[in-house]
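As stored in input_14.csv (CSV, C-alpha atoms):
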```csv
chain,number,residue,atom,x,y,z
P,1,MET,CA,-23.9,-32.5,-1.5
P,2,THR,CA,-24.0,-29.8,1.1
P,3,ARG,CA,-21.4,-27.2,1.8
P,4,ARG,CA,-17.8,-28.2,2.7
P,5,PHE,CA,-15.8,-26.5,5.3
P,6,PRO,CA,-12.2,-27.7,5.2
P,7,VAL,CA,-9.9,-26.5,8.0
P,8,GLY,CA,-8.2,-23.3,7.0
P,9,LEU,CA,-4.6,-23.8,8.2
P,10,ALA,CA,-3.6,-20.2,7.2
P,11,LEU,CA,-6.0,-18.9,9.8
P,12,ALA,CA,-3.6,-20.0,12.6
P,13,ALA,CA,-0.9,-17.8,11.1
P,14,THR,CA,-3.1,-14.6,11.5
P,15,ILE,CA,-3.9,-15.0,15.2
P,16,ALA,CA,-1.1,-12.7,16.3
P,17,ILE,CA,-2.0,-9.8,14.1
P,18,GLU,CA,-5.7,-10.1,14.9
P,19,LEU,CA,-5.1,-10.1,18.6
P,20,SER,CA,-2.9,-7.1,18.4
P,21,LEU,CA,-5.5,-4.7,16.9
P,22,PHE,CA,-8.8,-6.4,17.1
P,23,ALA,CA,-9.0,-8.1,20.5
P,24,GLY,CA,-12.5,-6.8,20.7
P,25,PHE,CA,-13.5,-9.1,17.8
P,26,ASN,CA,-11.6,-12.2,19.0
P,27,TRP,CA,-14.1,-14.4,20.7
P,28,ALA,CA,-11.8,-17.2,21.6
P,29,GLN,CA,-9.9,-15.5,24.4
P,30,ASN,CA,-9.0,-17.4,27.6
P,31,ASN,CA,-11.7,-18.7,30.0
P,32,GLU,CA,-14.6,-17.9,27.8
P,33,MET,CA,-17.7,-19.6,26.3
P,34,ASN,CA,-18.8,-18.3,22.9
P,35,ILE,CA,-22.3,-19.2,21.6
P,36,GLN,CA,-23.0,-18.0,18.1
P,37,PHE,CA,-26.0,-18.5,15.7
P,38,HIS,CA,-25.7,-18.0,12.0
P,39,GLY,CA,-28.5,-17.7,9.4
P,40,PHE,CA,-27.8,-18.2,5.7
P,41,HIS,CA,-30.1,-17.7,2.7
P,42,ASP,CA,-29.1,-17.6,-1.0
P,43,SER,CA,-30.6,-17.1,-4.4
P,44,ARG,CA,-31.2,-20.9,-4.7
P,45,ALA,CA,-33.8,-20.6,-1.8
P,46,VAL,CA,-31.4,-22.6,0.4
P,47,THR,CA,-31.6,-21.7,4.1
P,48,VAL,CA,-29.0,-22.8,6.6
P,49,LEU,CA,-29.2,-22.3,10.4
P,50,SER,CA,-26.0,-22.9,12.3
P,51,PRO,CA,-25.6,-22.7,16.1
P,52,THR,CA,-22.0,-23.1,17.4
P,53,VAL,CA,-20.4,-23.4,20.8
P,54,ASP,CA,-16.7,-22.6,21.5
P,55,LEU,CA,-15.0,-23.2,24.9
P,56,GLU,CA,-11.5,-22.2,25.9
P,57,GLN,CA,-9.9,-22.7,29.3
P,58,ASP,CA,-6.5,-22.0,30.7
P,59,PHE,CA,-5.4,-24.7,33.1
P,60,THR,CA,-2.1,-23.1,33.8
P,61,TYR,CA,-0.2,-20.0,32.6
P,62,ARG,CA,1.4,-22.1,29.9
P,63,THR,CA,-1.4,-24.6,29.1
P,64,SER,CA,-4.8,-24.1,27.5
P,65,LEU,CA,-7.4,-26.3,25.9
P,66,ARG,CA,-10.0,-25.3,23.3
P,67,VAL,CA,-13.1,-27.2,22.2
P,68,ASN,CA,-15.7,-26.3,19.6
P,69,PHE,CA,-18.9,-27.9,18.3
P,70,GLY,CA,-21.4,-26.8,15.6
P,71,VAL,CA,-24.4,-28.0,13.8
P,72,ASP,CA,-25.9,-26.9,10.4
P,73,ALA,CA,-29.6,-27.4,9.7
P,74,ILE,CA,-30.1,-27.1,6.0
P,75,SER,CA,-33.7,-26.5,4.7
P,76,ALA,CA,-33.0,-27.7,1.2
P,77,ALA,CA,-30.1,-29.3,-0.7
P,78,SER,CA,-27.4,-27.3,-2.3
P,79,ASP,CA,-27.4,-26.6,-6.0
P,80,SER,CA,-25.5,-29.8,-6.6
P,81,CYS,CA,-27.8,-32.1,-4.8
P,82,VAL,CA,-30.9,-30.4,-6.3
P,83,ARG,CA,-30.0,-32.1,-9.6
P,84,CYS,CA,-30.8,-35.4,-7.9
P,85,HIS,CA,-33.6,-34.2,-5.7
P,86,HIS,CA,-35.5,-31.5,-7.6
P,87,PRO,CA,-37.9,-30.6,-4.8
P,88,GLY,CA,-34.9,-30.2,-2.5
P,89,VAL,CA,-34.1,-32.3,0.6
P,90,ARG,CA,-33.4,-31.4,4.2
P,91,SER,CA,-29.8,-32.1,5.4
P,92,SER,CA,-27.6,-31.5,8.3
P,93,ARG,CA,-23.9,-31.2,9.2
P,94,THR,CA,-22.1,-31.7,12.5
P,95,VAL,CA,-18.5,-30.5,13.1
P,96,GLY,CA,-16.3,-30.7,16.2
P,97,GLY,CA,-12.7,-29.9,17.1
P,98,ILE,CA,-10.2,-29.8,19.9
P,99,SER,CA,-6.8,-28.2,20.2
P,100,PHE,CA,-4.2,-28.1,22.9
P,101,THR,CA,-1.7,-25.2,23.3
P,102,ARG,CA,1.5,-25.2,25.3
P,103,LYS,CA,3.7,-22.2,25.9
P,104,LEU,CA,7.5,-22.9,26.2
P,105,ASP,CA,9.2,-19.6,26.9
P,106,GLU,CA,9.2,-17.7,23.6
P,107,TYR,CA,7.6,-20.6,21.8
P,108,LYS,CA,4.0,-21.6,21.5
P,109,LEU,CA,3.1,-25.1,20.3
P,110,THR,CA,-0.5,-26.1,19.3
P,111,PHE,CA,-1.8,-29.4,18.1
P,112,GLY,CA,-5.3,-30.8,17.6
P,113,GLY,CA,-7.9,-32.2,15.3
P,114,ALA,CA,-11.4,-31.8,13.8
P,115,TYR,CA,-14.2,-34.0,12.5
P,116,SER,CA,-17.0,-33.1,10.2
P,117,GLN,CA,-20.0,-35.3,9.1
P,118,GLU,CA,-22.8,-34.5,6.7
P,119,ASN,CA,-25.1,-36.5,4.5
P,120,PHE,CA,-22.7,-37.3,1.7
P,121,TYR,CA,-19.4,-36.2,3.1
P,122,ARG,CA,-17.1,-36.6,6.1
P,123,ALA,CA,-13.6,-35.3,7.0
P,124,PHE,CA,-10.9,-36.0,9.6
P,125,THR,CA,-8.2,-33.4,10.2
P,126,GLY,CA,-5.1,-33.3,12.3
P,127,LEU,CA,-3.0,-30.1,12.7
P,128,THR,CA,0.0,-28.7,14.5
P,129,SER,CA,1.7,-25.3,14.6
P,130,LEU,CA,4.7,-23.6,16.2
P,131,ALA,CA,5.2,-19.9,16.8
P,132,ARG,CA,8.1,-18.0,18.2
P,133,ASP,CA,8.4,-14.4,19.3
P,134,LEU,CA,11.5,-12.4,18.5
P,135,ALA,CA,12.8,-8.9,19.0
P,136,LYS,CA,11.2,-8.4,22.4
P,137,GLY,CA,7.8,-9.5,21.0
P,138,ASN,CA,7.8,-7.2,18.0
P,139,THR,CA,8.3,-10.1,15.5
P,140,THR,CA,6.4,-13.4,15.4
P,141,VAL,CA,7.5,-16.2,13.2
P,142,ALA,CA,5.0,-19.1,12.8
P,143,GLY,CA,4.6,-22.3,10.8
P,144,GLY,CA,2.3,-25.3,10.8
P,145,PHE,CA,1.0,-28.4,9.0
P,146,ALA,CA,-2.4,-30.0,8.6
P,147,LEU,CA,-3.4,-33.3,7.1
P,148,SER,CA,-6.9,-34.3,6.2
P,149,LEU,CA,-8.8,-37.3,5.0
P,150,ASN,CA,-12.0,-36.4,3.2
P,151,GLN,CA,-14.5,-39.0,2.2
P,152,PRO,CA,-17.3,-38.0,-0.3
P,153,VAL,CA,-20.1,-40.4,-1.0
P,154,LEU,CA,-20.8,-40.9,-4.7
P,155,HIS,CA,-24.5,-40.2,-4.3
P,156,PRO,CA,-26.9,-41.8,-5.3
P,157,THR,CA,-24.7,-44.9,-4.9
P,158,PRO,CA,-23.3,-45.8,-1.4
P,159,THR,CA,-19.7,-45.8,-2.7
P,160,ARG,CA,-17.3,-43.7,-0.6
P,161,GLU,CA,-14.1,-42.4,-2.1
P,162,ASN,CA,-10.9,-41.1,-0.3
P,163,GLN,CA,-9.2,-37.7,-0.8
P,164,PHE,CA,-6.1,-36.7,1.1
P,165,THR,CA,-5.0,-33.1,1.6
P,166,GLY,CA,-1.9,-31.7,3.2
P,167,ASN,CA,-1.1,-28.0,3.9
P,168,LEU,CA,2.1,-26.3,5.1
P,169,TYR,CA,2.3,-22.6,6.0
P,170,VAL,CA,4.9,-20.1,7.2
P,171,SER,CA,4.3,-16.5,8.2
P,172,ILE,CA,6.0,-13.5,9.8
P,173,THR,CA,4.2,-10.8,11.7
P,174,GLN,CA,6.0,-7.6,12.3
P,175,THR,CA,5.3,-4.5,14.4
P,176,LEU,CA,6.2,-1.7,11.9
P,177,SER,CA,5.5,1.2,14.2
P,178,LYS,CA,3.5,2.0,17.4
P,179,THR,CA,0.3,2.0,15.3
P,180,THR,CA,1.1,-0.4,12.4
P,181,ILE,CA,1.4,-4.1,12.2
P,182,GLY,CA,2.1,-6.1,9.0
P,183,GLU,CA,2.1,-9.8,8.1
P,184,ALA,CA,3.3,-11.8,5.2
P,185,GLY,CA,2.6,-15.5,4.6
P,186,TYR,CA,3.0,-18.4,2.3
P,187,GLU,CA,1.0,-21.7,2.1
P,188,VAL,CA,1.5,-24.7,-0.1
P,189,GLY,CA,-1.0,-27.6,-0.2
P,190,THR,CA,-1.6,-30.8,-2.1
P,191,ILE,CA,-4.8,-32.8,-2.8
P,192,ALA,CA,-4.5,-36.4,-3.8
P,193,GLY,CA,-7.2,-38.9,-4.7
P,194,TYR,CA,-10.8,-38.5,-5.8
P,195,GLN,CA,-11.6,-34.8,-6.8
P,196,ASP,CA,-14.6,-35.2,-9.1
P,197,ASN,CA,-18.0,-33.9,-8.2
P,198,PRO,CA,-20.5,-36.8,-8.2
P,199,PHE,CA,-23.5,-34.5,-8.3
P,200,LEU,CA,-22.7,-32.4,-11.4
P,201,ARG,CA,-22.9,-33.4,-15.1
P,202,ALA,CA,-21.0,-31.7,-17.8
P,203,SER,CA,-22.7,-31.1,-21.2
P,204,VAL,CA,-21.0,-33.0,-24.0
P,205,ASN,CA,-22.9,-32.4,-27.2
P,206,GLY,CA,-25.9,-31.7,-25.1
P,207,VAL,CA,-25.7,-35.0,-23.2
P,208,PRO,CA,-25.1,-34.7,-19.4
P,209,ILE,CA,-22.0,-36.8,-18.5
P,210,LEU,CA,-20.3,-37.2,-15.1
P,211,GLY,CA,-17.1,-35.0,-15.2
P,212,GLN,CA,-13.5,-36.1,-14.7
P,213,VAL,CA,-10.7,-34.1,-13.2
P,214,PRO,CA,-7.1,-34.8,-12.3
P,215,ASP,CA,-6.5,-36.8,-9.1
P,216,TRP,CA,-3.6,-34.6,-8.0
P,217,ARG,CA,-3.5,-30.8,-7.3
P,218,LEU,CA,-0.8,-28.5,-6.1
P,219,ARG,CA,-2.0,-25.3,-4.6
P,220,GLN,CA,0.0,-22.2,-3.4
P,221,THR,CA,-1.0,-19.0,-1.7
P,222,LEU,CA,0.7,-15.7,-0.9
P,223,THR,CA,-0.8,-13.3,1.6
P,224,ALA,CA,-0.1,-9.8,2.9
P,225,ARG,CA,-1.9,-8.0,5.7
P,226,VAL,CA,-1.7,-4.5,7.3
P,227,ARG,CA,-3.5,-3.2,10.4
P,228,GLN,CA,-3.3,0.6,11.0
P,229,ALA,CA,-4.5,2.3,14.2
P,230,LEU,CA,-5.8,5.8,13.8
P,231,PRO,CA,-6.7,8.5,16.3
P,232,ALA,CA,-10.1,8.5,17.9
P,233,GLU,CA,-10.3,4.7,18.4
P,234,THR,CA,-10.4,3.9,14.7
P,235,PHE,CA,-8.6,1.1,12.8
P,236,LEU,CA,-8.0,0.4,9.2
P,237,GLU,CA,-7.4,-3.1,7.8
P,238,ALA,CA,-6.2,-4.3,4.4
P,239,ASP,CA,-5.6,-7.9,3.2
P,240,TYR,CA,-4.4,-9.2,-0.1
P,241,ARG,CA,-4.3,-12.9,-1.2
P,242,HIS,CA,-2.9,-14.4,-4.4
P,243,TYR,CA,-3.7,-18.0,-5.2
P,244,PHE,CA,-2.4,-20.3,-8.0
P,245,ASP,CA,-2.3,-24.0,-8.7
P,246,ASP,CA,-1.2,-26.5,-11.3
P,247,TRP,CA,-4.7,-26.6,-12.8
P,248,LYS,CA,-3.9,-23.1,-14.1
P,249,LEU,CA,-6.5,-21.5,-11.8
P,250,THR,CA,-5.4,-18.2,-10.3
P,251,SER,CA,-7.2,-15.7,-8.1
P,252,ASN,CA,-6.6,-12.4,-6.5
P,253,THR,CA,-8.6,-11.2,-3.4
P,254,LEU,CA,-8.5,-7.8,-1.8
P,255,THR,CA,-10.2,-6.9,1.4
P,256,VAL,CA,-10.4,-3.5,3.0
P,257,GLY,CA,-12.2,-2.4,6.1
P,258,VAL,CA,-12.5,0.0,9.0
P,259,SER,CA,-13.4,-0.4,12.7
P,260,HIS,CA,-14.4,2.3,15.2
P,261,ARG,CA,-15.1,2.1,18.9
P,262,PHE,CA,-18.0,4.2,20.2
P,263,GLY,CA,-17.2,4.4,23.9
P,264,GLU,CA,-16.4,1.3,25.9
P,265,GLN,CA,-19.5,-0.6,24.9
P,266,TRP,CA,-19.8,-0.4,21.1
P,267,LEU,CA,-17.4,-1.6,18.4
P,268,ALA,CA,-18.5,-1.4,14.8
P,269,ASN,CA,-16.8,-2.8,11.7
P,270,ALA,CA,-17.5,-2.5,7.9
P,271,SER,CA,-15.5,-4.3,5.2
P,272,TYR,CA,-15.5,-5.0,1.5
P,273,ARG,CA,-14.0,-7.9,-0.4
P,274,ARG,CA,-13.3,-8.2,-4.1
P,275,ASP,CA,-12.4,-11.6,-5.6
P,276,GLN,CA,-11.5,-12.4,-9.2
P,277,GLN,CA,-10.4,-15.8,-10.5
P,278,THR,CA,-9.6,-17.5,-13.8
P,279,GLY,CA,-10.9,-20.9,-14.8
P,280,THR,CA,-8.9,-24.1,-14.9
P,281,TYR,CA,-7.3,-25.1,-18.1
P,282,PHE,CA,-9.9,-27.7,-18.8
P,283,TYR,CA,-13.0,-25.8,-17.8
P,284,GLN,CA,-15.6,-25.1,-20.5
P,285,SER,CA,-19.3,-24.3,-20.3
P,286,GLU,CA,-20.0,-27.0,-22.9
P,287,TYR,CA,-17.9,-29.7,-24.5
P,288,SER,CA,-18.0,-31.5,-27.8
P,289,THR,CA,-16.7,-34.9,-29.0
P,290,PRO,CA,-14.2,-36.3,-29.0
P,291,ILE,CA,-14.5,-36.1,-25.2
P,292,PRO,CA,-11.3,-34.5,-23.7
P,293,ARG,CA,-9.4,-36.3,-21.0
P,294,PHE,CA,-10.6,-33.8,-18.3
P,295,PHE,CA,-13.9,-32.0,-18.2
P,296,THR,CA,-16.2,-30.6,-15.5
P,297,ALA,CA,-19.4,-28.7,-14.8
P,298,ASP,CA,-18.1,-27.6,-11.3
P,299,PHE,CA,-18.8,-23.8,-11.1
P,300,ARG,CA,-16.0,-23.4,-8.6
P,301,LEU,CA,-13.5,-24.1,-11.4
P,302,ALA,CA,-15.0,-21.5,-13.8
P,303,PRO,CA,-13.9,-17.8,-14.3
P,304,LEU,CA,-15.6,-15.8,-11.6
P,305,LYS,CA,-15.8,-12.3,-10.2
P,306,SER,CA,-17.5,-11.6,-6.8
P,307,ASN,CA,-18.1,-8.8,-4.3
P,308,SER,CA,-18.8,-9.3,-0.6
P,309,TYR,CA,-19.9,-6.7,2.0
P,310,THR,CA,-19.8,-7.2,5.8
P,311,GLY,CA,-21.1,-5.1,8.7
P,312,LYS,CA,-20.9,-6.1,12.3
P,313,ILE,CA,-21.4,-4.6,15.7
P,314,LEU,CA,-20.0,-5.9,19.0
P,315,VAL,CA,-21.8,-4.7,22.2
P,316,THR,CA,-20.3,-5.2,25.6
P,317,PRO,CA,-22.8,-4.0,28.2
P,318,LYS,CA,-21.5,-2.6,31.5
P,319,GLY,CA,-21.8,-4.8,34.5
P,320,ARG,CA,-23.9,-7.9,34.5
P,321,PHE,CA,-26.2,-8.6,31.6
P,322,TRP,CA,-29.3,-10.7,31.9
P,323,MET,CA,-27.8,-12.4,35.0
P,324,LEU,CA,-24.6,-13.2,32.9
P,325,PRO,CA,-21.1,-12.4,34.1
P,326,ALA,CA,-19.5,-9.0,33.6
P,327,GLY,CA,-17.7,-8.8,30.2
P,328,THR,CA,-20.5,-10.6,28.3
P,329,GLY,CA,-20.6,-9.5,24.7
P,330,LEU,CA,-23.2,-9.6,21.9
P,331,LEU,CA,-22.4,-9.8,18.2
P,332,PHE,CA,-24.6,-8.8,15.3
P,333,GLN,CA,-23.3,-9.3,11.8
P,334,TYR,CA,-24.7,-9.1,8.2
P,335,ASP,CA,-22.9,-10.4,5.1
P,336,TRP,CA,-24.0,-10.0,1.5
P,337,TYR,CA,-22.3,-11.9,-1.4
P,338,GLY,CA,-22.8,-11.6,-5.1
P,339,ALA,CA,-21.0,-13.1,-8.0
P,340,ASP,CA,-21.3,-12.6,-11.8
P,341,ASN,CA,-22.6,-16.1,-12.3
P,342,GLY,CA,-25.9,-15.0,-10.7
P,343,PHE,CA,-25.3,-16.5,-7.3
P,344,GLN,CA,-26.2,-14.3,-4.3
P,345,ALA,CA,-26.3,-15.0,-0.6
P,346,ALA,CA,-27.3,-13.1,2.6
P,347,ILE,CA,-25.9,-14.2,5.9
P,348,PHE,CA,-27.2,-13.1,9.3
P,349,SER,CA,-25.1,-13.9,12.4
P,350,THR,CA,-25.6,-13.3,16.1
P,351,GLY,CA,-23.3,-14.4,18.9
P,352,LEU,CA,-23.0,-14.4,22.6
P,353,ARG,CA,-19.6,-14.3,24.5
P,354,VAL,CA,-19.7,-15.4,28.1
P,355,PRO,CA,-16.5,-15.2,30.2
P,356,PHE,CA,-16.2,-18.0,32.7
P,357,LYS,CA,-13.7,-20.0,34.8
P,358,LEU,CA,-13.7,-23.8,35.4
P,359,ARG,CA,-13.5,-24.6,39.1
```

Target format structure tokens, applied to this file:
Amino acid sequence: MTRRFPVGLALAATIAIELSLFAGFNWAQNNEMNIQFHGFHDSRAVTVLSPTVDLEQDFTYRTSLRVNFGVDAISAASDSCVRCHHPGVRSSRTVGGISFTRKLDEYKLTFGGAYSQENFYRAFTGLTSLARDLAKGNTTVAGGFALSLNQPVLHPTPTRENQFTGNLYVSITQTLSKTTIGEAGYEVGTIAGYQDNPFLRASVNGVPILGQVPDWRLRQTLTARVRQALPAETFLEADYRHYFDDWKLTSNTLTVGVSHRFGEQWLANASYRRDQQTGTYFYQSEYSTPIPRFFTADFRLAPLKSNSYTGKILVTPKGRFWMLPAGTGLLFQYDWYGADNGFQAAIFSTGLRVPFKLR
């Protein structure tokens, strides 16, 4: 099975804080077309090439529509599918989404949906969110809900299972001073239905056996964010995330970064992320008889420590660029990820932002 990209509902809760201090990195502003290209290569010799297109258009002062579309071209199967196809297989994934936003005085209502299709997995998602500005715009309270139907295929059989996920979030974004913005959020989510991994086999007395996990999972997440503007066009960022669920898996993630603007045309950012998680209560590297009720070989449920480094540069040339409109921007980004289970990945990204208006 290839990579899964569920809709991150909490992302909507962070829009206000990101717009306030990092408008230069927000490539989904009004009346723009964003074309990006991502390259991915990891320690399993898997290569992924992903072009994406994002369009947003304001039809009135209060109404806007956003459409996005992306394709993944995967040179070889993920680690899971390689267990079925040892030489590796080529795969692909297509994803699309649409959202509609309506401003009602101090309220902003958004609703939309997304669809994702790959070789052995497809997903349908519907979402809605509501935000309100208070205290003359210095405070923003937001909340939202998303519901997804995920349908994995139990490869190599054609059987398709159903998995239902629901997520609810609330957040508050507060201007703490003229140069500081903070945000706190809470998200609760459930997963019901099939949650086994049909590609992995757990070792039970040395015999590979398809794992079995609970068909219900309750997940909760607490987040805190701070953005600090410094003199000389420099900004500091710090994010903290604490996750826990009823499978007894907990994780703590800390991200710190700095951005600096070099004149009007160059904006650079560097960040570091540290993540550490425990394993679920039923995870073991090997099992022995009698076979427990729940057992798994899914590495995502194992204890894990990882480090991630990101560097990116946004260039906005003056005037017209290659016959493109003024305001066109170029993004260059590199990410490196390494975990203590031996997995490593390098991600190269480039992007093109083109401002436009529909006639």

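Take CA of Gly112 (chain P) and CA of Phe69 (chain P): the distance between them is 13.9 Å.
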
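With only C-alpha atoms as the atoms that count, the minimum distance from Arg201 (chain P) to the choices P:Leu267, P:Val226, P:Ala297, P:Ile181 is reached by P:Ala297.
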
> If we count all atoms listed in the file, what is near Gly329 (chain P) at a cut-off of 6 Å, once residues fewer than 6 positions away on the same chain are taken out, given as an MDAnalysis selection string?
Replying inline: chainID P and resid 315:316 352:353

Near Tyr115 (chain P), counting all atoms listed in the file, which residues have an atom at most 12 Å away, once you skip same-chain residues fewer than 5 positions from it, shown as a short mmCIF file (atom, residue, chain, number, x, y, z; two decimals) with C-alpha atoms, keeping the file's coordinate frame?
```cif
data_model
loop_
_atom_site.label_atom_id
_atom_site.label_comp_id
_atom_site.auth_asym_id
_atom_site.auth_seq_id
_atom_site.Cartn_x
_atom_site.Cartn_y
_atom_site.Cartn_z
CA ARG P 4 -17.80 -28.20 2.70
CA PHE P 5 -15.80 -26.50 5.30
CA PRO P 6 -12.20 -27.70 5.20
CA VAL P 7 -9.90 -26.50 8.00
CA VAL P 67 -13.10 -27.20 22.20
CA ASN P 68 -15.70 -26.30 19.60
CA PHE P 69 -18.90 -27.90 18.30
CA GLY P 70 -21.40 -26.80 15.60
CA VAL P 71 -24.40 -28.00 13.80
CA ARG P 93 -23.90 -31.20 9.20
CA THR P 94 -22.10 -31.70 12.50
CA VAL P 95 -18.50 -30.50 13.10
CA GLY P 96 -16.30 -30.70 16.20
CA GLY P 97 -12.70 -29.90 17.10
CA ILE P 98 -10.20 -29.80 19.90
CA TYR P 121 -19.40 -36.20 3.10
CA ARG P 122 -17.10 -36.60 6.10
CA ALA P 123 -13.60 -35.30 7.00
CA PHE P 124 -10.90 -36.00 9.60
CA THR P 125 -8.20 -33.40 10.20
CA GLY P 126 -5.10 -33.30 12.30
CA LEU P 127 -3.00 -30.10 12.70
CA SER P 148 -6.90 -34.30 6.20
CA LEU P 149 -8.80 -37.30 5.00
CA ASN P 150 -12.00 -36.40 3.20
CA GLN P 151 -14.50 -39.00 2.20
#
```

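Distance check against Leu176 (chain P) using all atoms listed in the file: of P:Ala202, P:Ala229, P:Pro214, P:Ser288, the minimum falls on P:Ala229.
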
> How far is it from CA of Pro317 (chain P) to CA of Gly263 (chain P), in Å with one decimal?
Replying inline: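 Calculated distance between CA of Pro317 (chain P) and CA of Gly263 (chain P) is 11.0 Å.
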
> CA of Gln117 (chain P) to CA of Leu168 (chain P): how many Å, to one decimal?
Replying inline: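 Separation of CA of Gln117 (chain P) and CA of Leu168 (chain P): 24.2 Å.
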
>> For a quick check of understanding, using all atoms listed in the file, which of P:Leu304, P:Ile209, P:Ile291, P:Ala346 has the smallest distance to Asn197 (chain P)?
In response: P:Ile209

Since the input has fewer atoms than a full residue there, write region 294-307 of chain P out with N, CA and C atoms, as a compact mmCIF listing (two decimals), keeping the file's coordinate frame.
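Result file follows (part.txt):
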```txt
# COMPACT_ATOMS: atom_id res chain seq x y z
N PHE P 294 -10.00 -34.45 -19.49
CA PHE P 294 -10.60 -33.80 -18.30
C PHE P 294 -11.68 -32.87 -18.70
N PHE P 295 -12.79 -32.93 -18.00
CA PHE P 295 -13.90 -32.00 -18.20
C PHE P 295 -14.74 -31.95 -16.97
N THR P 296 -15.44 -30.83 -16.78
CA THR P 296 -16.20 -30.60 -15.50
C THR P 296 -17.29 -29.62 -15.72
N ALA P 297 -18.29 -29.72 -14.83
CA ALA P 297 -19.40 -28.70 -14.80
C ALA P 297 -19.29 -27.98 -13.42
N ASP P 298 -18.22 -28.16 -12.67
CA ASP P 298 -18.10 -27.60 -11.30
C ASP P 298 -17.89 -26.05 -11.49
N PHE P 299 -18.87 -25.28 -11.01
CA PHE P 299 -18.80 -23.80 -11.10
C PHE P 299 -17.67 -23.21 -10.36
N ARG P 300 -17.13 -23.92 -9.37
CA ARG P 300 -16.00 -23.40 -8.60
C ARG P 300 -14.72 -23.37 -9.41
N LEU P 301 -14.70 -24.05 -10.54
CA LEU P 301 -13.50 -24.10 -11.40
C LEU P 301 -13.66 -23.18 -12.61
N ALA P 302 -14.71 -22.37 -12.63
CA ALA P 302 -15.00 -21.50 -13.80
C ALA P 302 -14.45 -20.07 -13.47
N PRO P 303 -14.26 -19.25 -14.50
CA PRO P 303 -13.90 -17.80 -14.30
C PRO P 303 -15.00 -17.18 -13.44
N LEU P 304 -14.59 -16.33 -12.50
CA LEU P 304 -15.60 -15.80 -11.60
C LEU P 304 -15.09 -14.45 -11.01
N LYS P 305 -16.05 -13.53 -10.85
CA LYS P 305 -15.80 -12.30 -10.20
C LYS P 305 -16.90 -12.13 -9.10
N SER P 306 -16.53 -11.70 -7.90
CA SER P 306 -17.50 -11.60 -6.80
C SER P 306 -17.20 -10.40 -5.94
N ASN P 307 -18.24 -9.93 -5.24
CA ASN P 307 -18.10 -8.80 -4.30
C ASN P 307 -18.81 -9.27 -2.98
```
